[in-house]
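So this one's model10.txt, compact mmCIF, C-alpha atoms and all ligand atoms:
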# COMPACT_ATOMS: atom_id res chain seq x y z
CA MET A 1 20.41 -102.37 64.97
CA ASP A 2 21.51 -100.15 62.08
CA LYS A 3 21.50 -101.85 58.71
CA THR A 4 24.80 -101.93 56.80
CA ASP A 5 25.15 -99.93 53.57
CA ILE A 6 25.98 -102.95 51.41
CA LEU A 7 27.12 -100.99 48.34
CA SER A 8 29.93 -99.42 50.37
CA LEU A 9 31.54 -102.81 51.14
CA THR A 10 34.44 -104.33 49.23
CA LEU A 11 34.08 -107.99 48.26
CA ASP A 12 36.30 -109.06 51.15
CA GLU A 13 34.28 -107.03 53.62
CA LEU A 14 31.07 -108.48 52.23
CA ARG A 15 32.46 -112.01 52.68
CA THR A 16 33.19 -111.27 56.33
CA LYS A 17 29.68 -109.85 56.91
CA ILE A 18 28.01 -112.79 55.18
CA ASP A 19 30.04 -115.14 57.38
CA GLU A 20 29.00 -113.16 60.46
CA ILE A 21 25.30 -113.65 59.71
CA GLY A 22 25.89 -117.39 59.47
CA GLU A 23 25.84 -117.83 55.69
CA GLN A 24 28.37 -119.46 53.40
CA LYS A 25 31.04 -117.07 52.13
CA PHE A 26 30.62 -117.97 48.44
CA ARG A 27 27.24 -116.25 48.56
CA ALA A 28 29.13 -112.97 48.83
CA SER A 29 30.44 -113.16 45.24
CA GLN A 30 26.94 -113.85 43.93
CA ILE A 31 25.50 -110.91 45.84
CA TYR A 32 28.43 -108.72 44.80
CA ASP A 33 27.80 -109.62 41.16
CA TRP A 34 24.13 -108.61 41.46
CA LEU A 35 25.06 -105.32 43.07
CA HIS A 36 28.07 -104.22 41.04
CA ASN A 37 27.78 -105.94 37.66
CA LYS A 38 24.06 -106.49 37.14
CA ARG A 39 23.37 -103.47 39.35
CA VAL A 40 19.98 -104.44 40.74
CA ARG A 41 18.35 -102.08 43.19
CA ASP A 42 16.47 -104.57 45.35
CA PHE A 43 17.30 -107.89 46.99
CA SER A 44 14.12 -109.36 45.45
CA GLU A 45 15.78 -109.21 42.02
CA MET A 46 18.62 -111.56 43.04
CA SER A 47 17.14 -114.64 41.41
CA ASN A 48 19.84 -117.20 42.30
CA ILE A 49 19.53 -116.36 46.01
CA SER A 50 16.90 -118.18 48.06
CA ALA A 51 13.89 -116.25 49.35
CA GLN A 52 15.01 -117.05 52.86
CA LEU A 53 18.46 -115.54 52.36
CA ARG A 54 17.01 -112.52 50.56
CA GLU A 55 14.86 -111.87 53.60
CA LYS A 56 17.89 -112.13 55.82
CA LEU A 57 19.84 -109.74 53.61
CA ASN A 58 16.98 -107.28 53.91
CA LYS A 59 17.19 -107.50 57.65
CA TYR A 60 20.92 -106.75 57.91
CA PHE A 61 21.66 -104.59 54.84
CA TRP A 62 20.21 -101.78 52.74
CA ILE A 63 20.90 -100.96 49.08
CA ASN A 64 21.52 -97.27 48.60
CA SER A 65 20.25 -95.53 45.44
CA ILE A 66 20.27 -92.09 43.84
CA LYS A 67 17.73 -90.52 41.48
CA ILE A 68 18.05 -88.13 38.59
CA LYS A 69 16.35 -84.83 39.48
CA LYS A 70 17.59 -82.90 36.48
CA ARG A 71 19.63 -83.69 33.39
CA LEU A 72 21.19 -81.04 31.15
CA VAL A 73 22.80 -82.14 27.88
CA SER A 74 25.19 -79.84 26.04
CA ASP A 75 24.49 -79.28 22.35
CA LEU A 76 28.13 -78.36 21.89
CA ASP A 77 30.04 -81.42 23.10
CA ASN A 78 27.67 -84.04 24.60
CA THR A 79 28.58 -83.11 28.16
CA VAL A 80 25.81 -84.21 30.52
CA LYS A 81 25.23 -82.60 33.86
CA TYR A 82 23.12 -84.43 36.43
CA LEU A 83 21.47 -83.18 39.57
CA TYR A 84 21.04 -86.29 41.73
CA GLY A 85 18.70 -86.69 44.71
CA LEU A 86 20.01 -88.77 47.63
CA TYR A 87 18.13 -91.07 50.02
CA ASP A 88 17.62 -88.24 52.53
CA GLY A 89 16.46 -85.66 49.98
CA GLU A 90 19.82 -83.89 49.67
CA LYS A 91 21.16 -83.09 46.20
CA ILE A 92 24.52 -83.30 44.48
CA GLU A 93 25.93 -82.76 41.00
CA THR A 94 27.78 -85.02 38.59
CA VAL A 95 29.18 -84.16 35.17
CA LEU A 96 29.82 -86.66 32.39
CA MET A 97 32.31 -85.60 29.72
CA GLU A 98 33.34 -87.12 26.42
CA TYR A 99 36.98 -87.19 25.38
CA LYS A 100 38.83 -88.81 22.51
CA HIS A 101 40.05 -91.58 24.81
CA GLY A 102 36.67 -92.28 26.45
CA ASN A 103 34.27 -90.93 29.01
CA SER A 104 35.24 -89.10 32.14
CA ILE A 105 33.02 -88.36 35.12
CA CYS A 106 33.37 -85.58 37.64
CA ILE A 107 31.80 -86.64 40.91
CA SER A 108 30.85 -84.92 44.17
CA THR A 109 32.23 -86.09 47.50
CA GLN A 110 30.16 -84.04 49.98
CA VAL A 111 26.80 -82.30 50.11
CA GLY A 112 28.06 -78.71 50.10
CA CYS A 113 31.54 -77.76 51.25
CA LYS A 114 33.19 -76.12 54.27
CA MET A 115 36.14 -74.59 52.46
CA GLN A 116 34.66 -71.21 51.45
CA CYS A 117 36.79 -70.57 48.34
CA LYS A 118 35.59 -67.18 47.14
CA PHE A 119 35.17 -68.11 43.46
CA CYS A 120 33.34 -71.41 44.02
CA ALA A 121 29.57 -71.93 43.87
CA SER A 122 29.67 -75.25 45.79
CA THR A 123 30.50 -73.65 49.07
CA LYS A 124 27.96 -70.82 49.01
CA ALA A 125 25.12 -72.69 50.68
CA GLY A 126 27.48 -74.20 53.29
CA TYR A 127 28.21 -77.79 54.23
CA VAL A 128 25.52 -80.38 54.92
CA ARG A 129 27.14 -83.83 55.13
CA ASP A 130 29.75 -86.23 53.78
CA LEU A 131 28.84 -88.62 50.99
CA LEU A 132 28.98 -92.35 51.64
CA PRO A 133 31.28 -94.47 49.46
CA SER A 134 28.14 -95.97 47.89
CA GLU A 135 26.91 -92.49 46.93
CA MET A 136 30.15 -91.77 45.08
CA LEU A 137 29.94 -95.12 43.30
CA LEU A 138 26.27 -94.62 42.41
CA GLN A 139 27.10 -91.40 40.57
CA ILE A 140 29.08 -93.62 38.17
CA TYR A 141 26.51 -96.43 38.00
CA GLU A 142 23.51 -94.16 37.47
CA SER A 143 25.28 -91.96 34.90
CA GLU A 144 26.40 -95.06 32.97
CA ARG A 145 22.89 -96.50 33.07
CA ASP A 146 21.24 -93.28 31.97
CA SER A 147 23.70 -92.34 29.23
CA GLY A 148 24.55 -95.82 27.96
CA ARG A 149 28.22 -94.74 28.01
CA LYS A 150 31.03 -96.63 29.69
CA ILE A 151 33.06 -94.50 32.07
CA ASN A 152 36.81 -95.06 32.33
CA HIS A 153 38.10 -91.88 33.97
CA VAL A 154 36.95 -90.51 37.31
CA VAL A 155 37.79 -87.12 38.77
CA LEU A 156 36.84 -86.16 42.32
CA MET A 157 36.32 -82.51 41.46
CA GLY A 158 32.59 -81.99 41.95
CA ILE A 159 30.96 -80.55 45.05
CA GLY A 160 32.94 -80.99 48.27
CA GLU A 161 36.50 -81.35 49.49
CA PRO A 162 37.51 -85.02 49.03
CA LEU A 163 40.23 -84.98 51.68
CA ASP A 164 37.74 -83.58 54.21
CA ASN A 165 35.81 -86.86 53.74
CA PHE A 166 39.00 -88.90 53.81
CA ASP A 167 37.88 -92.35 55.00
CA ASN A 168 34.86 -92.55 52.71
CA VAL A 169 36.87 -91.35 49.72
CA VAL A 170 39.59 -93.94 50.35
CA GLN A 171 36.93 -96.64 50.69
CA PHE A 172 35.41 -95.49 47.38
CA LEU A 173 38.86 -95.73 45.73
CA LYS A 174 39.18 -99.28 47.07
CA LEU A 175 35.81 -100.14 45.51
CA LEU A 176 36.99 -98.77 42.16
CA ASP A 177 40.27 -100.63 42.45
CA GLU A 178 38.34 -103.91 42.60
CA LYS A 179 36.95 -103.35 39.12
CA PRO A 180 38.89 -105.19 36.42
CA ASP A 181 38.13 -102.48 33.85
CA MET A 182 39.08 -99.50 36.03
CA SER A 183 42.61 -98.40 36.85
CA LEU A 184 43.53 -96.06 39.70
CA ARG A 185 45.85 -94.40 37.18
CA HIS A 186 42.71 -93.04 35.56
CA ILE A 187 41.49 -91.40 38.74
CA SER A 188 42.23 -87.88 39.96
CA VAL A 189 41.57 -86.59 43.45
CA SER A 190 41.44 -82.81 43.74
CA THR A 191 42.14 -80.97 46.98
CA CYS A 192 42.17 -77.35 48.07
CA GLY A 193 45.31 -78.23 50.05
CA LEU A 194 44.62 -80.03 53.34
CA ALA A 195 48.31 -80.73 53.91
CA ASP A 196 47.88 -83.22 56.79
CA ARG A 197 45.61 -85.39 54.68
CA ILE A 198 48.05 -85.21 51.73
CA TYR A 199 50.60 -86.95 53.99
CA ASP A 200 47.99 -89.58 54.92
CA LEU A 201 47.14 -90.16 51.28
CA ALA A 202 50.83 -90.47 50.35
CA GLU A 203 51.21 -93.33 52.84
CA LEU A 204 48.52 -95.32 50.99
CA LYS A 205 50.46 -95.18 47.68
CA LEU A 206 47.32 -95.55 45.64
CA GLY A 207 48.60 -94.70 42.15
CA ILE A 208 45.96 -92.01 41.63
CA THR A 209 46.76 -88.50 40.37
CA LEU A 210 46.65 -85.81 43.01
CA SER A 211 45.42 -82.44 41.79
CA VAL A 212 46.12 -79.52 44.07
CA SER A 213 44.02 -76.38 43.68
CA LEU A 214 46.77 -73.82 44.05
CA HIS A 215 45.30 -70.77 42.26
CA ALA A 216 47.92 -68.38 43.68
CA PRO A 217 51.70 -68.50 44.25
CA THR A 218 51.82 -66.18 47.28
CA ASP A 219 50.14 -66.37 50.69
CA GLU A 220 48.87 -62.85 50.23
CA ILE A 221 46.75 -63.65 47.16
CA ARG A 222 45.91 -67.22 48.18
CA SER A 223 44.61 -66.35 51.65
CA GLU A 224 42.43 -63.70 50.03
CA ILE A 225 40.64 -66.16 47.71
CA MET A 226 41.05 -69.47 49.63
CA PRO A 227 40.56 -69.30 53.42
CA VAL A 228 42.14 -72.78 53.77
CA ASN A 229 45.48 -71.06 53.16
CA LYS A 230 45.29 -69.60 56.67
CA ARG A 231 45.32 -73.16 58.03
CA TYR A 232 47.99 -74.56 55.71
CA ASN A 233 50.07 -71.89 54.01
CA ILE A 234 51.84 -72.30 50.69
CA SER A 235 55.13 -73.38 52.23
CA GLN A 236 53.41 -76.13 54.29
CA LEU A 237 51.43 -77.18 51.23
CA MET A 238 54.53 -77.39 49.01
CA THR A 239 56.36 -79.51 51.60
CA ALA A 240 53.41 -81.91 51.66
CA CYS A 241 53.26 -82.03 47.85
CA LYS A 242 56.98 -82.78 47.56
CA TYR A 243 56.57 -85.55 50.13
CA TYR A 244 53.65 -86.95 48.12
CA PHE A 245 55.79 -87.09 45.00
CA GLU A 246 58.75 -88.70 46.82
CA LYS A 247 56.53 -91.32 48.41
CA THR A 248 54.38 -92.22 45.39
CA GLY A 249 56.46 -91.23 42.35
CA ARG A 250 53.32 -89.59 40.95
CA ARG A 251 53.74 -86.03 39.78
CA ILE A 252 51.32 -83.46 41.16
CA SER A 253 48.93 -81.58 38.93
CA TYR A 254 48.41 -78.00 40.12
CA GLU A 255 45.11 -76.37 39.24
CA PHE A 256 45.30 -72.66 38.58
CA ALA A 257 42.03 -70.83 37.81
CA LEU A 258 42.87 -67.54 36.14
CA ILE A 259 40.88 -64.62 37.50
CA ASP A 260 40.91 -61.24 35.80
CA GLY A 261 43.11 -58.79 37.70
CA VAL A 262 43.73 -61.16 40.64
CA ASN A 263 46.27 -63.80 39.60
CA ASP A 264 46.84 -63.41 35.87
CA ASP A 265 49.65 -60.86 35.58
CA LYS A 266 53.37 -61.24 34.85
CA ALA A 267 54.41 -60.80 38.48
CA THR A 268 52.13 -63.70 39.48
CA ALA A 269 53.48 -65.88 36.66
CA ASP A 270 57.04 -65.09 37.80
CA SER A 271 56.34 -66.05 41.42
CA LEU A 272 54.60 -69.22 40.27
CA ILE A 273 57.66 -70.13 38.23
CA ARG A 274 59.91 -69.52 41.26
CA LEU A 275 57.61 -71.56 43.48
CA LEU A 276 57.41 -74.63 41.23
CA LYS A 277 60.87 -74.55 39.66
CA GLY A 278 62.54 -77.94 39.92
CA GLN A 279 59.36 -79.79 40.96
CA ASN A 280 58.21 -82.62 38.75
CA CYS A 281 54.71 -81.30 38.22
CA HIS A 282 52.16 -80.02 35.77
CA VAL A 283 50.04 -76.86 35.83
CA ASN A 284 46.48 -77.00 34.60
CA LEU A 285 45.24 -73.52 33.77
CA ILE A 286 41.47 -73.09 34.07
CA PRO A 287 39.64 -70.13 32.60
CA ILE A 288 37.51 -69.37 35.67
CA ASN A 289 33.75 -69.74 35.42
CA ALA A 290 32.12 -66.61 36.74
CA ILE A 291 29.45 -67.60 39.28
CA LYS A 292 26.21 -65.89 40.14
CA ASP A 293 26.77 -63.04 42.65
CA GLY A 294 30.50 -63.75 42.32
CA VAL A 295 32.90 -60.84 42.18
CA PHE A 296 35.41 -62.53 39.90
CA SER A 297 35.51 -62.69 36.14
CA ARG A 298 37.47 -64.73 33.62
CA SER A 299 40.99 -63.64 32.79
CA LYS A 300 41.58 -62.28 29.31
CA SER A 301 45.18 -63.46 29.21
CA VAL A 302 45.02 -67.23 29.64
CA GLU A 303 47.22 -68.03 26.63
CA GLU A 304 49.76 -65.34 27.55
CA PHE A 305 49.95 -66.72 31.07
CA LYS A 306 50.59 -70.17 29.70
CA GLU A 307 53.37 -68.85 27.47
CA MET A 308 54.99 -67.10 30.42
CA LEU A 309 55.00 -70.35 32.40
CA SER A 310 56.35 -72.37 29.47
CA ASP A 311 59.11 -69.79 28.92
CA GLY A 312 59.97 -70.17 32.61
CA GLY A 313 60.29 -73.95 32.21
CA ILE A 314 56.95 -74.89 33.80
CA ASN A 315 54.86 -77.49 32.07
CA ALA A 316 51.37 -75.98 31.60
CA THR A 317 48.20 -76.68 29.64
CA VAL A 318 44.88 -74.89 29.40
CA ARG A 319 41.88 -76.98 30.38
CA ARG A 320 39.34 -77.35 27.60
CA THR A 321 35.99 -75.80 28.47
CA LEU A 322 33.22 -78.37 28.22
CA GLY A 323 29.49 -77.93 28.54
CA ALA A 324 29.73 -74.15 28.30
CA ASP A 325 26.07 -73.93 27.32
CA ILE A 326 24.79 -75.90 30.32
CA ASN A 327 26.73 -74.07 32.98
CA ALA A 328 28.81 -77.04 34.01
CA ALA A 329 30.71 -75.06 36.69
CA CYS A 330 30.36 -77.15 39.78
CA GLY A 331 27.80 -76.32 42.42
CA GLN A 332 25.62 -74.02 40.36
CA LEU A 333 22.84 -76.46 39.56
CA ARG A 334 22.37 -77.49 43.17
CA ARG A 335 22.43 -73.87 44.24
CA ASP A 336 19.87 -72.81 41.65
CA ASP A 337 17.57 -75.64 42.77
CA GLN A 338 17.33 -74.54 46.41
N1 LIG B 401 37.52 -79.20 46.88
C1 LIG B 401 38.34 -79.72 45.85
C2 LIG B 401 37.58 -80.32 44.68
C3 LIG B 401 36.37 -79.59 44.18
S1 LIG B 401 36.63 -78.11 43.26
C4 LIG B 401 39.34 -78.70 45.38
O1 LIG B 401 39.31 -77.57 45.88
O2 LIG B 401 40.21 -79.03 44.58
C5 LIG B 401 37.35 -78.62 41.75
C6 LIG B 401 38.19 -77.56 41.07
O3 LIG B 401 37.39 -76.52 40.51
C7 LIG B 401 39.16 -76.87 42.02
O4 LIG B 401 40.39 -76.68 41.40
C8 LIG B 401 38.46 -75.56 42.26
O5 LIG B 401 39.32 -74.61 42.78
C9 LIG B 401 37.90 -75.27 40.90
N2 LIG B 401 36.83 -74.27 40.86
C10 LIG B 401 35.91 -73.99 41.78
N3 LIG B 401 35.10 -73.00 41.37
C11 LIG B 401 35.52 -72.65 40.14
C12 LIG B 401 35.10 -71.70 39.19
N4 LIG B 401 34.07 -70.87 39.43
N5 LIG B 401 35.77 -71.64 38.01
C13 LIG B 401 36.81 -72.47 37.77
N6 LIG B 401 37.25 -73.40 38.62
C14 LIG B 401 36.63 -73.48 39.80
Let me see whether you can do it: turn the structure in this file into structure tokens.
Amino acid sequence: MDKTDILSLTLDELRTKIDEIGEQKFRASQIYDWLHNKRVRDFSEMSNISAQLREKLNKYFWINSIKIKKRLVSDLDNTVKYLYGLYDGEKIETVLMEYKHGNSICISTQVGCKMQCKFCASTKAGYVRDLLPSEMLLQIYESERDSGRKINHVVLMGIGEPLDNFDNVVQFLKLLDEKPDMSLRHISVSTCGLADRIYDLAELKLGITLSVSLHAPTDEIRSEIMPVNKRYNISQLMTACKYYFEKTGRRISYEFALIDGVNDDKATADSLIRLLKGQNCHVNLIPINAIKDGVFSRSKSVEEFKEMLSDGGINATVRRTLGADINAACGQLRRDDQ
């Protein structure tokens, strides 16, 4: 019999499991408290649980854990970048960032990625496996423990495509939703544009922010830099995004990484304005991080591009660059470690 990954269970699910192994349901809240509030790593540390029950828990469940392999701290802005080792020896990255309103964490959702975006380091070594809900949660727990900071914003923008690991990501969001001090309004899920899954997510009406990595307003440019565009083109993606907004009332945030000579000219700004005109949305301009062996370099006209969008009536901001000295661009640390 396979043991159950206990850290991936919601409290209700844990109650059901505890009942199934013939124990009283109230035990579930005690165990849950040890796991998620006191955050012990072994059943032997659960001191108000009898030795007999602890043995039984060991038989049916396992407690997942992750370990810090590398930690880089920025001298500029306190950004911390972690390389975490997983139970099977795989590695992922997590970035902890400090803002005026608190701490935000950027977590990975897969080991590697299948999406092959040309400018992204995460996809270069290919895809290995999906992360478990517990492994997403542990990126928060371990980073909080190590840094002593309390995290109140979570972005699913690290290694991997969240909507390609749909069920585990949704389960992870349910686990976060159980926390009294965490609001789904403070959580962003970023996707390269898997339109079918955007419809599925809309049905769940979770109250999260959906970020869509658009990066180009025409199929010609987008298919060139993001192969996923050949599966779901811009028109299909926009229809899904509009549906998402209608269903959830949450405006979409479009990510647009400006690449020198590729998508940063006036013609591109004009087509982007035409594409998004009338949509209740926001554009987040990202000065692209050049990656090793990458062919793309950072645009020199980020501010001008922003002005062009604003003049065209599109709400746009430029994302602040954090951790510039520790190479916080996602996927690079894992790649360098191979
Ligand atoms: N797969 C998801 C989430 C991970 S990538 C997605 O595509 O949205 C998170 C964001 O970083 C995406 O907007 C992605 O396009 C962007 N990104 C990837 N590589 C980058 C780079 N080198 N410079 C700037 N942004 C990058």
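Residues near the point (32.5, -98.9, 51.4), at a distance of 6 Å or less over all atoms listed in the file, make up Ser8, Leu9, Pro133 and Gln171 of chain A.
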Counting only C-alpha atoms and all ligand atoms, what residues are within 7 Å of ligand LIG 401 (chain B), given as JSON, numbers by chain? {"A": [119, 120, 121, 156, 157, 158, 159, 160, 161, 162, 190, 191, 192, 211, 212, 213, 255, 256, 257, 286, 287, 288, 289, 290, 291, 329, 330]}
Any idea what the distance is between atom CA of A:Met226 and atom CA of A:Gly85? 28.6 Å
Selection: 9 Å around A:Glu203, all atoms listed in the file, excl. self and same-chain fewer than 2 positions, as a list in words: Ile198, Tyr199, Asp200, Leu201, Lys205, Leu206, Tyr244, Lys247 and Thr248 of chain A
Selected residues written out with C-alpha atoms, as a PDB file, keeping the file's coordinate frame:
ATOM      1  CA  ILE A 198      48.050 -85.210  51.730  1.00  0.00           C
ATOM      2  CA  TYR A 199      50.600 -86.950  53.990  1.00  0.00           C
ATOM      3  CA  ASP A 200      47.990 -89.580  54.920  1.00  0.00           C
ATOM      4  CA  LEU A 201      47.140 -90.160  51.280  1.00  0.00           C
ATOM      5  CA  LYS A 205      50.460 -95.180  47.680  1.00  0.00           C
ATOM      6  CA  LEU A 206      47.320 -95.550  45.640  1.00  0.00           C
ATOM      7  CA  TYR A 244      53.650 -86.950  48.120  1.00  0.00           C
ATOM      8  CA  LYS A 247      56.530 -91.320  48.410  1.00  0.00           C
ATOM      9  CA  THR A 248      54.380 -92.220  45.390  1.00  0.00           C
TER      10      THR A 248
END
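Using all atoms listed in the file for every distance, the candidate list A:Val155, A:Leu96, A:Met46, A:Leu7 yields A:Val155 as the residue closest to A:Ile187.
Straight-line separation from atom CA of A:Asn315 to atom CA of A:Leu210: 16.0 Å.
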So what do you get for atom CA of A:Ala216 versus atom CA of A:Asp293, distance-wise?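 According to the coordinates, atom CA of A:Ala216 and atom CA of A:Asp293 are separated by 21.8 Å.
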Around all listed atoms of stretch 169-188 of chain A, padded 4 Å per side, what centre and edge lengths does the axis-aligned box have in Å to one decimal, as AutoDock Vina command-line options?
--center_x 40.6 --center_y -96.5 --center_z 42.3 --size_x 18.4 --size_y 25.3 --size_z 24.8
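If all atoms listed in the file are the atoms counted, then among A:Leu132, A:Val189, A:Met238, A:Leu72 the closest residue to A:Ser147 is A:Leu72.
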Nearest candidate to A:Arg334 (options A:Arg41, A:Arg71, A:His36, A:Lys100; using only C-alpha atoms):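 Using only C-alpha atoms, A:Arg334 sits closest to A:Arg71.
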Name all residues at most 9 Å from A:Ala125 (count all atoms listed in the file; drop same-chain ones fewer than 2 positions away) and give them as a PyMOL selection string. chain A and resi 112-113+121-123+127-128+335
Let me make sure I understand: among A:Glu246, A:Gly278, A:Val169, A:Cys117, which one has the smallest atom-to-atom distance to A:Glu224 if we use all atoms listed in the file?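 Ranking A:Glu246, A:Gly278, A:Val169, A:Cys117 by distance to A:Glu224, first place goes to A:Cys117.
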